[in-house]
Every structure is written in C-alpha cells, then in structure tokens.
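Pasted below: final.txt, compact mmCIF, C-alpha atoms and all ligand atoms.
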```txt
# COMPACT_ATOMS: atom_id res chain seq x y z
CA MET A 1 -71.97 125.91 -6.28
CA SER A 2 -75.30 127.65 -6.77
CA LYS A 3 -74.95 131.39 -7.21
CA ILE A 4 -78.62 131.93 -6.30
CA LYS A 5 -78.83 134.35 -3.39
CA VAL A 6 -81.81 135.90 -1.67
CA GLY A 7 -81.77 139.61 -2.55
CA MET A 8 -80.43 139.17 -6.08
CA THR A 9 -82.38 140.97 -8.81
CA LEU A 10 -84.78 139.20 -11.17
CA ASP A 11 -82.36 139.80 -14.05
CA GLU A 12 -79.42 138.28 -12.15
CA PHE A 13 -81.58 135.33 -11.14
CA ILE A 14 -82.68 134.71 -14.72
CA ILE A 15 -79.04 134.83 -15.91
CA GLN A 16 -78.00 132.30 -13.25
CA GLU A 17 -80.93 130.01 -14.09
CA GLU A 18 -80.08 130.16 -17.78
CA LYS A 19 -76.57 128.87 -17.07
CA GLY A 20 -78.21 125.57 -16.07
CA TYR A 21 -79.56 125.27 -19.65
CA PRO A 22 -76.63 125.86 -22.03
CA ASN A 23 -78.84 125.21 -25.08
CA ALA A 24 -81.56 127.66 -24.06
CA SER A 25 -82.08 130.51 -26.53
CA GLY A 26 -82.80 133.01 -23.77
CA ASP A 27 -86.15 133.92 -25.39
CA LEU A 28 -88.24 132.79 -22.43
CA SER A 29 -86.01 134.76 -20.07
CA LYS A 30 -86.45 137.90 -22.18
CA LEU A 31 -90.20 137.36 -22.21
CA LEU A 32 -90.30 137.04 -18.43
CA ARG A 33 -88.27 140.24 -18.16
CA ASP A 34 -90.76 142.03 -20.46
CA ILE A 35 -93.64 140.90 -18.25
CA GLY A 36 -91.67 142.11 -15.21
CA LEU A 37 -91.14 145.50 -16.86
CA ALA A 38 -94.79 145.89 -17.86
CA SER A 39 -95.86 145.00 -14.34
CA LYS A 40 -93.65 147.76 -12.91
CA ILE A 41 -95.53 150.28 -15.05
CA ILE A 42 -98.87 148.81 -13.96
CA ASN A 43 -97.66 148.88 -10.35
CA ARG A 44 -96.81 152.57 -10.67
CA GLU A 45 -100.37 153.38 -11.77
CA VAL A 46 -101.95 151.09 -9.16
CA ASN A 47 -99.93 152.83 -6.45
CA LYS A 48 -100.97 156.31 -7.41
CA ALA A 49 -104.53 155.32 -8.28
CA GLY A 50 -106.03 157.50 -5.56
CA LEU A 51 -104.13 160.59 -6.75
CA VAL A 52 -105.04 160.65 -10.39
CA ASP A 53 -108.16 160.17 -12.42
CA ILE A 54 -107.67 156.46 -12.96
CA LEU A 55 -110.05 154.95 -10.44
CA GLY A 56 -113.52 153.86 -11.45
CA LYS A 57 -115.25 152.34 -14.42
CA ILE A 58 -114.87 153.33 -18.04
CA GLY A 59 -118.55 152.77 -18.83
CA LYS A 60 -118.30 149.65 -20.97
CA GLU A 61 -118.46 145.89 -20.43
CA ASN A 62 -115.99 143.19 -21.49
CA ILE A 63 -116.99 140.06 -23.41
CA GLN A 64 -118.08 138.47 -20.15
CA GLY A 65 -120.53 141.22 -19.33
CA GLU A 66 -118.33 142.58 -16.56
CA GLU A 67 -117.77 146.28 -16.10
CA VAL A 68 -114.29 147.37 -17.17
CA PHE A 69 -112.37 149.58 -14.76
CA LYS A 70 -109.91 152.17 -16.07
CA LEU A 71 -107.02 150.33 -14.48
CA ASP A 72 -108.12 147.06 -16.16
CA GLU A 73 -107.80 148.76 -19.51
CA PHE A 74 -104.50 150.42 -18.64
CA ALA A 75 -103.00 147.11 -17.47
CA ASN A 76 -104.24 145.33 -20.58
CA ASP A 77 -102.82 147.95 -22.96
CA THR A 78 -99.49 148.08 -21.12
CA LEU A 79 -98.97 144.32 -21.24
CA ILE A 80 -99.93 144.14 -24.90
CA SER A 81 -97.56 146.90 -25.95
CA PHE A 82 -94.58 145.43 -24.04
CA LEU A 83 -95.26 141.96 -25.43
CA LYS A 84 -95.99 143.10 -28.97
CA TYR A 85 -92.69 144.92 -29.40
CA GLY A 86 -90.54 142.74 -27.11
CA GLY A 87 -89.73 140.28 -29.91
CA GLN A 88 -90.51 137.05 -28.01
CA CYS A 89 -94.31 136.98 -28.11
CA ALA A 90 -96.33 136.19 -31.25
CA GLY A 91 -99.76 136.84 -29.77
CA VAL A 92 -101.82 137.11 -26.64
CA ALA A 93 -105.13 136.11 -25.10
CA SER A 94 -106.48 138.46 -22.48
CA GLU A 95 -109.51 138.54 -20.24
CA GLU A 96 -110.18 142.02 -21.58
CA GLU A 97 -110.06 141.10 -25.29
CA ASP A 98 -112.97 139.35 -27.01
CA GLU A 99 -110.62 137.46 -29.31
CA ILE A 100 -107.00 136.39 -29.44
CA GLN A 101 -104.58 139.09 -30.61
CA VAL A 102 -102.04 137.88 -33.16
CA PHE A 103 -99.16 140.31 -33.66
CA ASN A 104 -98.30 141.18 -37.25
CA ASN A 105 -95.50 143.65 -36.56
CA GLU A 106 -91.94 142.85 -37.64
CA GLU A 107 -90.57 142.28 -34.13
CA ALA A 108 -93.11 139.51 -33.47
CA GLN A 109 -92.61 137.53 -36.68
CA ASN A 110 -90.07 135.05 -35.36
CA ALA A 111 -91.42 134.88 -31.83
CA HIS A 112 -91.98 131.40 -30.39
CA TYR A 113 -94.24 132.16 -27.46
CA LEU A 114 -97.83 133.14 -26.72
CA VAL A 115 -98.94 134.77 -23.49
CA LEU A 116 -102.34 134.42 -21.82
CA PHE A 117 -103.25 136.83 -19.04
CA ASP A 118 -105.76 138.43 -16.77
CA PRO A 119 -104.28 141.94 -16.68
CA LEU A 120 -105.89 142.91 -13.38
CA ASP A 121 -107.55 140.20 -11.36
CA GLY A 122 -109.80 141.35 -8.52
CA SER A 123 -110.53 144.64 -10.20
CA SER A 124 -113.78 145.14 -8.30
CA ASN A 125 -111.43 145.68 -5.34
CA ILE A 126 -109.54 148.53 -7.02
CA ASP A 127 -111.66 151.34 -5.66
CA THR A 128 -111.26 150.08 -2.10
CA ASN A 129 -107.47 149.75 -2.18
CA ALA A 130 -107.47 145.98 -1.63
CA SER A 131 -104.82 143.74 -3.21
CA ILE A 132 -105.16 142.94 -6.89
CA GLY A 133 -102.86 141.24 -9.38
CA THR A 134 -101.82 140.28 -12.90
CA ILE A 135 -101.95 136.55 -13.71
CA PHE A 136 -100.19 135.03 -16.75
CA SER A 137 -99.12 131.85 -18.45
CA ILE A 138 -96.81 131.24 -21.37
CA VAL A 139 -97.10 128.55 -24.05
CA ARG A 140 -95.00 127.75 -27.09
CA ARG A 141 -96.76 128.49 -30.38
CA LEU A 142 -97.78 125.40 -32.37
CA SER A 143 -98.33 126.82 -35.84
CA GLU A 144 -95.35 127.75 -37.95
CA ASP A 145 -97.45 130.20 -39.94
CA THR A 146 -100.99 131.27 -39.00
CA ILE A 147 -101.71 131.37 -35.31
CA THR A 148 -105.26 130.39 -34.34
CA GLU A 149 -107.17 129.92 -31.10
CA LYS A 150 -105.95 126.31 -31.08
CA ASP A 151 -102.43 127.53 -30.36
CA PHE A 152 -103.81 128.99 -27.11
CA PHE A 153 -106.07 126.06 -26.10
CA ARG A 154 -103.40 124.15 -24.20
CA THR A 155 -103.70 122.17 -21.02
CA GLY A 156 -101.76 123.11 -17.93
CA ARG A 157 -99.38 120.21 -18.68
CA GLU A 158 -98.22 122.03 -21.82
CA ILE A 159 -97.50 125.48 -20.48
CA VAL A 160 -93.85 126.46 -20.14
CA ALA A 161 -94.24 129.11 -17.44
CA ALA A 162 -96.83 130.80 -15.29
CA GLY A 163 -96.89 133.47 -12.66
CA TYR A 164 -98.54 136.49 -11.17
CA VAL A 165 -97.74 139.93 -9.91
CA LEU A 166 -99.47 140.88 -6.69
CA TYR A 167 -100.00 144.59 -6.06
CA GLY A 168 -100.31 144.33 -2.29
CA SER A 169 -98.70 145.99 0.71
CA SER A 170 -95.57 145.22 -1.25
CA THR A 171 -95.49 144.24 -4.92
CA MET A 172 -94.38 140.71 -5.71
CA LEU A 173 -93.69 138.75 -8.87
CA VAL A 174 -94.09 135.01 -8.36
CA TYR A 175 -93.38 132.62 -11.22
CA SER A 176 -92.39 129.12 -12.20
CA THR A 177 -90.86 127.66 -15.33
CA GLY A 178 -91.53 124.15 -14.06
CA ASN A 179 -88.60 123.97 -11.63
CA GLY A 180 -90.29 125.17 -8.48
CA VAL A 181 -91.80 128.51 -7.60
CA ASN A 182 -89.79 131.64 -6.83
CA GLY A 183 -90.98 134.98 -5.50
CA PHE A 184 -89.45 138.42 -6.05
CA THR A 185 -90.38 141.54 -4.11
CA LEU A 186 -90.21 144.92 -5.80
CA ASP A 187 -87.70 147.15 -4.03
CA PRO A 188 -89.13 150.58 -4.81
CA SER A 189 -85.86 152.33 -3.92
CA ILE A 190 -84.06 150.69 -6.87
CA GLY A 191 -87.09 149.78 -9.00
CA GLU A 192 -86.06 146.13 -9.19
CA PHE A 193 -87.71 142.83 -8.32
CA CYS A 194 -85.39 141.08 -5.84
CA LEU A 195 -85.47 137.39 -4.90
CA SER A 196 -87.24 137.16 -1.55
CA HIS A 197 -88.95 133.73 -1.61
CA TYR A 198 -86.73 130.98 -3.05
CA GLN A 199 -88.36 127.64 -3.91
CA MET A 200 -91.72 128.31 -2.27
CA LYS A 201 -93.61 125.32 -0.89
CA THR A 202 -97.23 125.23 0.29
CA PRO A 203 -97.55 123.67 3.75
CA GLU A 204 -99.23 120.24 3.35
CA THR A 205 -101.73 120.89 6.09
CA ALA A 206 -103.17 124.26 6.91
CA LYS A 207 -105.49 126.28 9.06
CA GLN A 208 -107.24 128.46 6.46
CA PHE A 209 -110.05 128.02 3.97
CA SER A 210 -111.25 130.58 1.44
CA VAL A 211 -114.68 130.54 -0.15
CA ASN A 212 -117.49 133.07 -0.58
CA TYR A 213 -119.74 131.90 2.26
CA GLY A 214 -122.50 134.21 1.10
CA THR A 215 -123.25 131.81 -1.76
CA ILE A 216 -123.85 128.75 0.48
CA ALA A 217 -127.45 128.41 -0.73
CA HIS A 218 -126.09 127.34 -4.15
CA TRP A 219 -123.37 124.90 -3.02
CA ASN A 220 -123.30 121.20 -3.72
CA GLN A 221 -123.34 118.69 -0.86
CA ARG A 222 -119.58 118.13 -0.98
CA LEU A 223 -118.81 121.79 -0.36
CA LYS A 224 -121.41 122.03 2.41
CA SER A 225 -120.00 118.93 4.15
CA PHE A 226 -116.39 120.09 3.70
CA THR A 227 -116.98 123.59 5.07
CA ASN A 228 -118.96 122.08 7.93
CA TRP A 229 -115.91 119.88 8.67
CA CYS A 230 -113.70 123.03 8.53
CA THR A 231 -115.71 124.62 11.33
CA LEU A 232 -115.87 121.63 13.72
CA GLU A 233 -113.96 121.71 17.03
CA ASN A 234 -111.72 118.66 16.51
CA LYS A 235 -108.11 118.83 17.71
CA GLU A 236 -107.12 115.54 16.11
CA GLU A 237 -108.27 116.69 12.68
CA GLY A 238 -106.76 120.16 13.14
CA THR A 239 -110.09 121.95 12.92
CA PRO A 240 -111.64 124.46 13.16
CA LEU A 241 -109.91 126.31 10.34
CA THR A 242 -109.97 130.07 9.91
CA LEU A 243 -112.03 131.60 7.10
CA ARG A 244 -110.13 134.09 4.95
CA TYR A 245 -111.64 135.51 1.74
CA ILE A 246 -110.60 138.72 0.01
CA GLY A 247 -112.56 138.32 -3.24
CA SER A 248 -109.40 138.77 -5.29
CA MET A 249 -108.27 135.29 -6.29
CA VAL A 250 -104.65 136.23 -6.77
CA ALA A 251 -104.46 137.71 -3.25
CA ASP A 252 -106.30 134.77 -1.66
CA PHE A 253 -104.04 132.40 -3.58
CA HIS A 254 -100.85 134.16 -2.53
CA ARG A 255 -101.78 134.06 1.16
CA ASN A 256 -102.66 130.37 0.94
CA LEU A 257 -99.47 129.61 -0.98
CA LEU A 258 -97.40 131.04 1.86
CA LYS A 259 -99.48 130.00 4.87
CA GLY A 260 -101.21 126.91 3.51
CA GLY A 261 -104.93 126.71 2.89
CA ILE A 262 -107.56 125.92 0.31
CA PHE A 263 -109.33 128.30 -2.10
CA ILE A 264 -112.63 127.20 -3.60
CA TYR A 265 -114.82 128.84 -6.23
CA PRO A 266 -117.62 126.39 -6.92
CA ALA A 267 -120.16 125.82 -9.65
CA SER A 268 -123.74 126.87 -8.92
CA PRO A 269 -127.06 126.28 -10.70
CA LYS A 270 -126.79 129.83 -12.11
CA SER A 271 -123.13 129.40 -13.12
CA PRO A 272 -122.68 125.67 -13.80
CA ASN A 273 -119.00 126.25 -14.64
CA GLY A 274 -118.32 128.63 -11.78
CA LYS A 275 -117.00 132.13 -12.36
CA LEU A 276 -113.26 131.89 -12.83
CA ARG A 277 -111.64 131.60 -16.22
CA LEU A 278 -109.72 128.44 -17.09
CA LEU A 279 -107.05 129.69 -19.46
CA TYR A 280 -105.70 132.81 -17.82
CA GLU A 281 -106.74 132.51 -14.17
CA CYS A 282 -107.15 128.87 -13.12
CA ILE A 283 -104.47 127.10 -15.18
CA PRO A 284 -101.62 129.49 -14.23
CA LEU A 285 -102.46 129.40 -10.52
CA ALA A 286 -102.99 125.61 -10.57
CA PHE A 287 -99.58 125.23 -12.26
CA LEU A 288 -97.94 127.28 -9.49
CA GLN A 289 -99.90 125.43 -6.81
CA GLU A 290 -98.78 122.03 -8.05
CA GLN A 291 -95.20 123.26 -8.50
CA ALA A 292 -95.31 124.30 -4.84
CA GLY A 293 -96.43 120.83 -3.73
CA GLY A 294 -100.18 121.50 -3.56
CA LEU A 295 -103.12 120.23 -5.61
CA SER A 296 -105.85 121.65 -7.84
CA THR A 297 -109.15 120.19 -9.00
CA ASN A 298 -112.46 120.92 -10.71
CA GLU A 299 -113.87 118.10 -8.50
CA LYS A 300 -113.23 115.59 -11.30
CA VAL A 301 -109.66 116.05 -12.53
CA SER A 302 -106.70 118.30 -11.88
CA ILE A 303 -107.19 121.76 -13.38
CA LEU A 304 -103.99 121.04 -15.32
CA ASP A 305 -105.68 118.14 -17.15
CA ILE A 306 -108.69 120.05 -18.47
CA GLN A 307 -108.60 120.46 -22.24
CA PRO A 308 -109.60 124.08 -23.00
CA GLU A 309 -112.29 124.44 -25.65
CA ALA A 310 -113.14 128.13 -25.54
CA LEU A 311 -111.12 131.28 -24.96
CA HIS A 312 -113.14 132.58 -22.04
CA GLN A 313 -114.13 129.17 -20.67
CA ARG A 314 -114.89 129.01 -16.95
CA THR A 315 -114.32 126.22 -14.49
CA PRO A 316 -115.16 125.42 -10.89
CA ILE A 317 -111.91 125.24 -8.93
CA ALA A 318 -110.47 124.15 -5.61
CA LEU A 319 -106.74 124.46 -5.02
CA GLY A 320 -104.33 124.59 -2.14
CA SER A 321 -102.53 122.45 0.41
CA LYS A 322 -102.41 118.79 -0.58
CA LYS A 323 -104.12 117.34 2.48
CA LEU A 324 -106.91 119.93 2.47
CA VAL A 325 -107.71 119.37 -1.21
CA GLU A 326 -107.70 115.61 -0.62
CA LYS A 327 -110.02 116.11 2.36
CA PHE A 328 -112.35 118.24 0.22
CA LEU A 329 -112.49 115.52 -2.44
CA SER A 330 -113.13 112.83 0.18
CA PHE A 331 -116.66 114.13 0.89
P1 LIG B 401 -113.14 140.71 -10.63
O1 LIG B 401 -111.79 140.70 -11.35
O2 LIG B 401 -114.30 141.01 -11.52
O3 LIG B 401 -113.11 141.53 -9.38
O4 LIG B 401 -113.41 139.20 -10.19
C1 LIG B 401 -112.56 138.68 -9.27
C2 LIG B 401 -112.71 137.22 -9.27
C3 LIG B 401 -111.64 136.54 -8.44
O5 LIG B 401 -110.44 137.23 -8.39
C4 LIG B 401 -112.29 136.38 -7.10
O6 LIG B 401 -111.80 135.27 -6.41
C5 LIG B 401 -113.74 136.21 -7.43
O7 LIG B 401 -113.95 136.90 -8.66
C6 LIG B 401 -114.65 136.74 -6.38
O8 LIG B 401 -115.96 136.52 -6.76
P2 LIG B 401 -117.17 136.66 -5.73
O9 LIG B 401 -117.33 138.10 -5.42
O10 LIG B 401 -118.34 136.08 -6.47
O11 LIG B 401 -116.83 135.86 -4.50
```
What do you get writing this file as structure tokens?
Ligand code: AHG
Amino acid sequence: MSKIKVGMTLDEFIIQEEKGYPNASGDLSKLLRDIGLASKIINREVNKAGLVDILGKIGKENIQGEEVFKLDEFANDTLISFLKYGGQCAGVASEEEDEIQVFNNEEAQNAHYLVLFDPLDGSSNIDTNASIGTIFSIVRRLSEDTITEKDFFRTGREIVAAGYVLYGSSTMLVYSTGNGVNGFTLDPSIGEFCLSHYQMKTPETAKQFSVNYGTIAHWNQRLKSFTNWCTLENKEEGTPLTLRYIGSMVADFHRNLLKGGIFIYPASPKSPNGKLRLLYECIPLAFLQEQAGGLSTNEKVSILDIQPEALHQRTPIALGSKKLVEKFLSF
C-alpha cells in the first residue's frame, strides 16, 4: 500500500518514492533535497526583502543585457554554493552566468548530474512584492571527463527532473522526475516543504489565457485570431475566457497549472525568438506541463523536442491545457 500521504515532508516523500526504485543510487534525491534547502534560504531573503537592503538593482547587466537585481544575484550565489558542495552536481548553467560553471572541487568530482536554472524568474516584479520563482531542470552528465556546453544542450526528452519554487503568498516547490507532478508547500512553522498537491493535473479545458496584450501590434495572425476567439461570447465554445497576466512566467504558469489555462510569449519582429530562455525557463516548465497532461509548443514542435544550440537561446512558447493549446494551433 502506498505510504504517500498529503502533509508528509519532502524528505519523507523522497524516501518513499525511492523505495519504488531499489536500484536507485539516491543521488537524484539528494540533489533535489539540496535544491529544496537552497530555496529555503532564498525564500528567507525574499520574505524579508522589504526590511533589509536587498531590494533594487546592483548596477550591472547580465549577458542578456538585463539589469541584475540584488536578489537575482543572491539567489544565483546560493544555488551555486549548495550545488557545488552537495556532491551530486558536476556543474551548472544559470541565467545569471555568461558561461557554464563546471565544478572542480573534490565533492563534485564523481557527481553525475548537471543543473540548469533561472535563479529568480520575474525579478522585475521583486520591488513590487509580486510572486517570483526559481526554475530548474536536471540532466545526467554525458562526458566522463571534461564537461562542455554540449552536456547541457539537451532536449526536454532527455531531462531527468524539473521543477520550480514559487515565492508567492505561500512558498511552494513543484517538481517532477517523470512520474507526474507533485507540489509541496513550505510550512514556515517547521521550516519544511510538505506534500500539499499530489499528482497535479492541468484541467483539459480552461477559462484563462495569459499573454502580454500590450504587445498586440507585433503579434502574428495566429495569435491575433486566437485571442480574438478567447474574447468572443460563445457558450458552446466556452468563451469568453478571462485574461490573467502577472509578468512573472513561473507565477502565471503555476496558476494555469492549477486552474487550467494557456500562457503565451510570442515571437515579434524585434525578438524573432521571443523573450524566454529555452534551457532554464521553457524546457523545465514544458516538462512539468506535459507531465500534468497539458501541451507545449513553439508553434512548430513541442518545446520538449527543440534541440538547444546555445546556452541563452530563446524561444517563442505557448503552453497550458491540452484543448486550449490545440485550439491555438488550429488557427
Ligand atoms: P524578468 O525575470 O526580467 O522579470 O523577466 C520575466 C520574464 C517572464 O517571467 C515573464 O513571463 C516575462 O518576462 C514578462 O515579459 P513582458 O514584460 O515582456 O510581458
């Protein structure tokens, strides 16, 4: 009989899950625990951001020309130090680092995994107290000896786990190792993530769509026709839908995962590949979306089938409830 119970801690859950895989080394579980631990430290700083001198920009830009906020840098450094010395991670790719970071310290020498992450997605929302999050995916290293970018350029079909931590009105860790999606809410009284959302499924149909309407002048015909369909009064089709857009992908994604919906960040003439990053934003969320019964697309193929070619590659993306994504693609 399954010993999985709502309310159990992340550690207990991982131990129970491991029992289903007697040959598992436990390395992936330890890695997930390290990410959970790092995110608790990040959560602590996010929560007290208004009290201490940690809000605002640090006065430099990242490789993508975006301003770096102090909390971005703190989250990045925290994740790297937990992963570097945790013993399971041989290197990382981060939105905040120009290049991959290969760990040369003793603890990392026999590590089998690589972690790709956006340490703080939605950081332009930090100063206004809106929800932000950490997004990550985990792949197995390919090279026995020297790790190169190629080890990180893996499609979504090759990743072994993905997840995010949402720093919202409560803090949640949501992840999948390819056997469904489970969500854990941080209980601040005991400092533990506890299972709150077991085997999450995205509703097939939904009433919400999420896109930055302010950019309509740059949309392609498909997106214009689809959003027009979303706003029509048509009971049979289930429209109109409600527009919900936070401007923090991880928060928009989380809401749509629970309630059903579609999130779209399109290409435009100015940004022919859109804005969002393939490796550490789109692939992890697409993996979770498909694990939860939804779909993802760049309007040609599933996000999970795109072969990455550059570390900070961008892609247009639409993901969400199956029927809504299919409807979007039908235009
Ligand atoms: P940032 O981390 O720089 O705040 O970017 C957030 C990302 C993503 O999380 C969000 O969906 C998108 O940018 C919003 O972009 P627009 O403001 O262009 O809609």
For the contact check between chain A and ligand LIG 401 (chain B), emit one row per residue of chain A within 7 Å, containing the shortest atom pair and the distance in Å rounded to one decimal, counting all atoms listed in the file, chain then rising number order, as a tab-separated table.
```
residue	atom	partner	partner_atom	distance
A:Glu66	CA	B:LIG401	O2	6.6
A:Leu120	CA	B:LIG401	O1	6.6
A:Asp121	CA	B:LIG401	O1	4.3
A:Gly122	CA	B:LIG401	O3	3.4
A:Ser123	CA	B:LIG401	O3	4.1
A:Ser124	CA	B:LIG401	O3	3.8
A:Asn125	CA	B:LIG401	O3	6.0
A:Asn212	CA	B:LIG401	O11	4.9
A:Gly247	CA	B:LIG401	C6	4.1
A:Ser248	CA	B:LIG401	O5	3.6
A:Met249	CA	B:LIG401	O6	3.5
A:Val250	CA	B:LIG401	O5	6.1
A:Lys275	CA	B:LIG401	O7	6.8
A:Leu276	CA	B:LIG401	C2	6.4
```
Selected residue of minimal separation from Ala161 of chain A among A:Ile306, A:Ile132, A:Val115, A:Met8, counting only C-alpha atoms
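Of A:Ile306, A:Ile132, A:Val115, A:Met8, the one nearest Ala161 of chain A is A:Val115, counting only C-alpha atoms.
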Place a sphere of radius 10 Å on (-102.0, 127.7, -13.4) in the file coordinates and name every protein, DNA or RNA residue with an atom inside or on its surface, counting all atoms listed in the file; give the answer as a PyMOL selection string.
chain A and resi 135-137+155-157+159+161-164+176+278-291+296+303-304
Requested write-out: C-alpha atoms of the selected residues, as a PDB file, in the frame of the given file:
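The file below, part_27.pdb, is the result:
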```pdb
ATOM      1  CA  ILE A 135    -101.950 136.550 -13.710  1.00  0.00           C
ATOM      2  CA  PHE A 136    -100.190 135.030 -16.750  1.00  0.00           C
ATOM      3  CA  SER A 137     -99.120 131.850 -18.450  1.00  0.00           C
ATOM      4  CA  THR A 155    -103.700 122.170 -21.020  1.00  0.00           C
ATOM      5  CA  GLY A 156    -101.760 123.110 -17.930  1.00  0.00           C
ATOM      6  CA  ARG A 157     -99.380 120.210 -18.680  1.00  0.00           C
ATOM      7  CA  ILE A 159     -97.500 125.480 -20.480  1.00  0.00           C
ATOM      8  CA  ALA A 161     -94.240 129.110 -17.440  1.00  0.00           C
ATOM      9  CA  ALA A 162     -96.830 130.800 -15.290  1.00  0.00           C
ATOM     10  CA  GLY A 163     -96.890 133.470 -12.660  1.00  0.00           C
ATOM     11  CA  TYR A 164     -98.540 136.490 -11.170  1.00  0.00           C
ATOM     12  CA  SER A 176     -92.390 129.120 -12.200  1.00  0.00           C
ATOM     13  CA  LEU A 278    -109.720 128.440 -17.090  1.00  0.00           C
ATOM     14  CA  LEU A 279    -107.050 129.690 -19.460  1.00  0.00           C
ATOM     15  CA  TYR A 280    -105.700 132.810 -17.820  1.00  0.00           C
ATOM     16  CA  GLU A 281    -106.740 132.510 -14.170  1.00  0.00           C
ATOM     17  CA  CYS A 282    -107.150 128.870 -13.120  1.00  0.00           C
ATOM     18  CA  ILE A 283    -104.470 127.100 -15.180  1.00  0.00           C
ATOM     19  CA  PRO A 284    -101.620 129.490 -14.230  1.00  0.00           C
ATOM     20  CA  LEU A 285    -102.460 129.400 -10.520  1.00  0.00           C
ATOM     21  CA  ALA A 286    -102.990 125.610 -10.570  1.00  0.00           C
ATOM     22  CA  PHE A 287     -99.580 125.230 -12.260  1.00  0.00           C
ATOM     23  CA  LEU A 288     -97.940 127.280  -9.490  1.00  0.00           C
ATOM     24  CA  GLN A 289     -99.900 125.430  -6.810  1.00  0.00           C
ATOM     25  CA  GLU A 290     -98.780 122.030  -8.050  1.00  0.00           C
ATOM     26  CA  GLN A 291     -95.200 123.260  -8.500  1.00  0.00           C
ATOM     27  CA  SER A 296    -105.850 121.650  -7.840  1.00  0.00           C
ATOM     28  CA  ILE A 303    -107.190 121.760 -13.380  1.00  0.00           C
ATOM     29  CA  LEU A 304    -103.990 121.040 -15.320  1.00  0.00           C
TER      30      LEU A 304
END
```
Report as a ChimeraX atom specification all protein, DNA and RNA residues lying within 12 Å of Ser25 of chain A, evaluated on only C-alpha atoms, omitting residues in the same chain fewer than 3 positions from it.
/A:15,18-19,21-22,28-31,88,111-112
State, in Å with one decimal place, the distance from atom CA of Glu309 of chain A to atom CA of Arg277 of chain A.
11.9 Å
By how many Å are atom CA of Gly260 of chain A and atom CA of Gly191 of chain A apart?
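Distance reported for this atom pair: 29.6 Å.
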Serialized segment 255-266 of chain A w/ N, CA and C atoms as a JSON list (two decimals), in the first residue's frame:
```
[["chain", "number", "residue", "atom", "x", "y", "z"],
["A", 255, "ARG", "N", -0.45, 29.29, -11.71],
["A", 255, "ARG", "CA", -1.91, 29.50, -11.68],
["A", 255, "ARG", "C", -2.58, 28.66, -12.76],
["A", 256, "ASN", "N", -2.01, 28.68, -13.97],
["A", 256, "ASN", "CA", -2.63, 27.93, -15.07],
["A", 256, "ASN", "C", -2.52, 26.42, -14.86],
["A", 257, "LEU", "N", -1.46, 25.99, -14.19],
["A", 257, "LEU", "CA", -1.31, 24.55, -13.90],
["A", 257, "LEU", "C", -2.47, 24.09, -13.01],
["A", 258, "LEU", "N", -2.78, 24.91, -12.02],
["A", 258, "LEU", "CA", -3.84, 24.53, -11.07],
["A", 258, "LEU", "C", -5.24, 24.75, -11.65],
["A", 259, "LYS", "N", -5.44, 25.89, -12.28],
["A", 259, "LYS", "CA", -6.80, 26.26, -12.72],
["A", 259, "LYS", "C", -7.07, 25.88, -14.16],
["A", 260, "GLY", "N", -6.02, 25.60, -14.93],
["A", 260, "GLY", "CA", -6.18, 25.41, -16.37],
["A", 260, "GLY", "C", -6.04, 26.76, -17.05],
["A", 261, "GLY", "N", -5.47, 26.73, -18.26],
["A", 261, "GLY", "CA", -5.28, 27.98, -18.98],
["A", 261, "GLY", "C", -4.18, 27.82, -20.01],
["A", 262, "ILE", "N", -3.87, 28.90, -20.68],
["A", 262, "ILE", "CA", -2.76, 28.87, -21.64],
["A", 262, "ILE", "C", -1.91, 30.12, -21.42],
["A", 263, "PHE", "N", -0.59, 29.93, -21.46],
["A", 263, "PHE", "CA", 0.37, 31.04, -21.34],
["A", 263, "PHE", "C", 1.09, 31.14, -22.67],
["A", 264, "ILE", "N", 1.17, 32.35, -23.20],
["A", 264, "ILE", "CA", 1.83, 32.53, -24.50],
["A", 264, "ILE", "C", 2.83, 33.68, -24.41],
["A", 265, "TYR", "N", 4.07, 33.41, -24.83],
["A", 265, "TYR", "CA", 5.02, 34.52, -25.04],
["A", 265, "TYR", "C", 5.53, 34.38, -26.47],
["A", 266, "PRO", "N", 5.03, 35.24, -27.36],
["A", 266, "PRO", "CA", 5.28, 35.04, -28.79],
["A", 266, "PRO", "C", 6.59, 35.63, -29.28]]
```
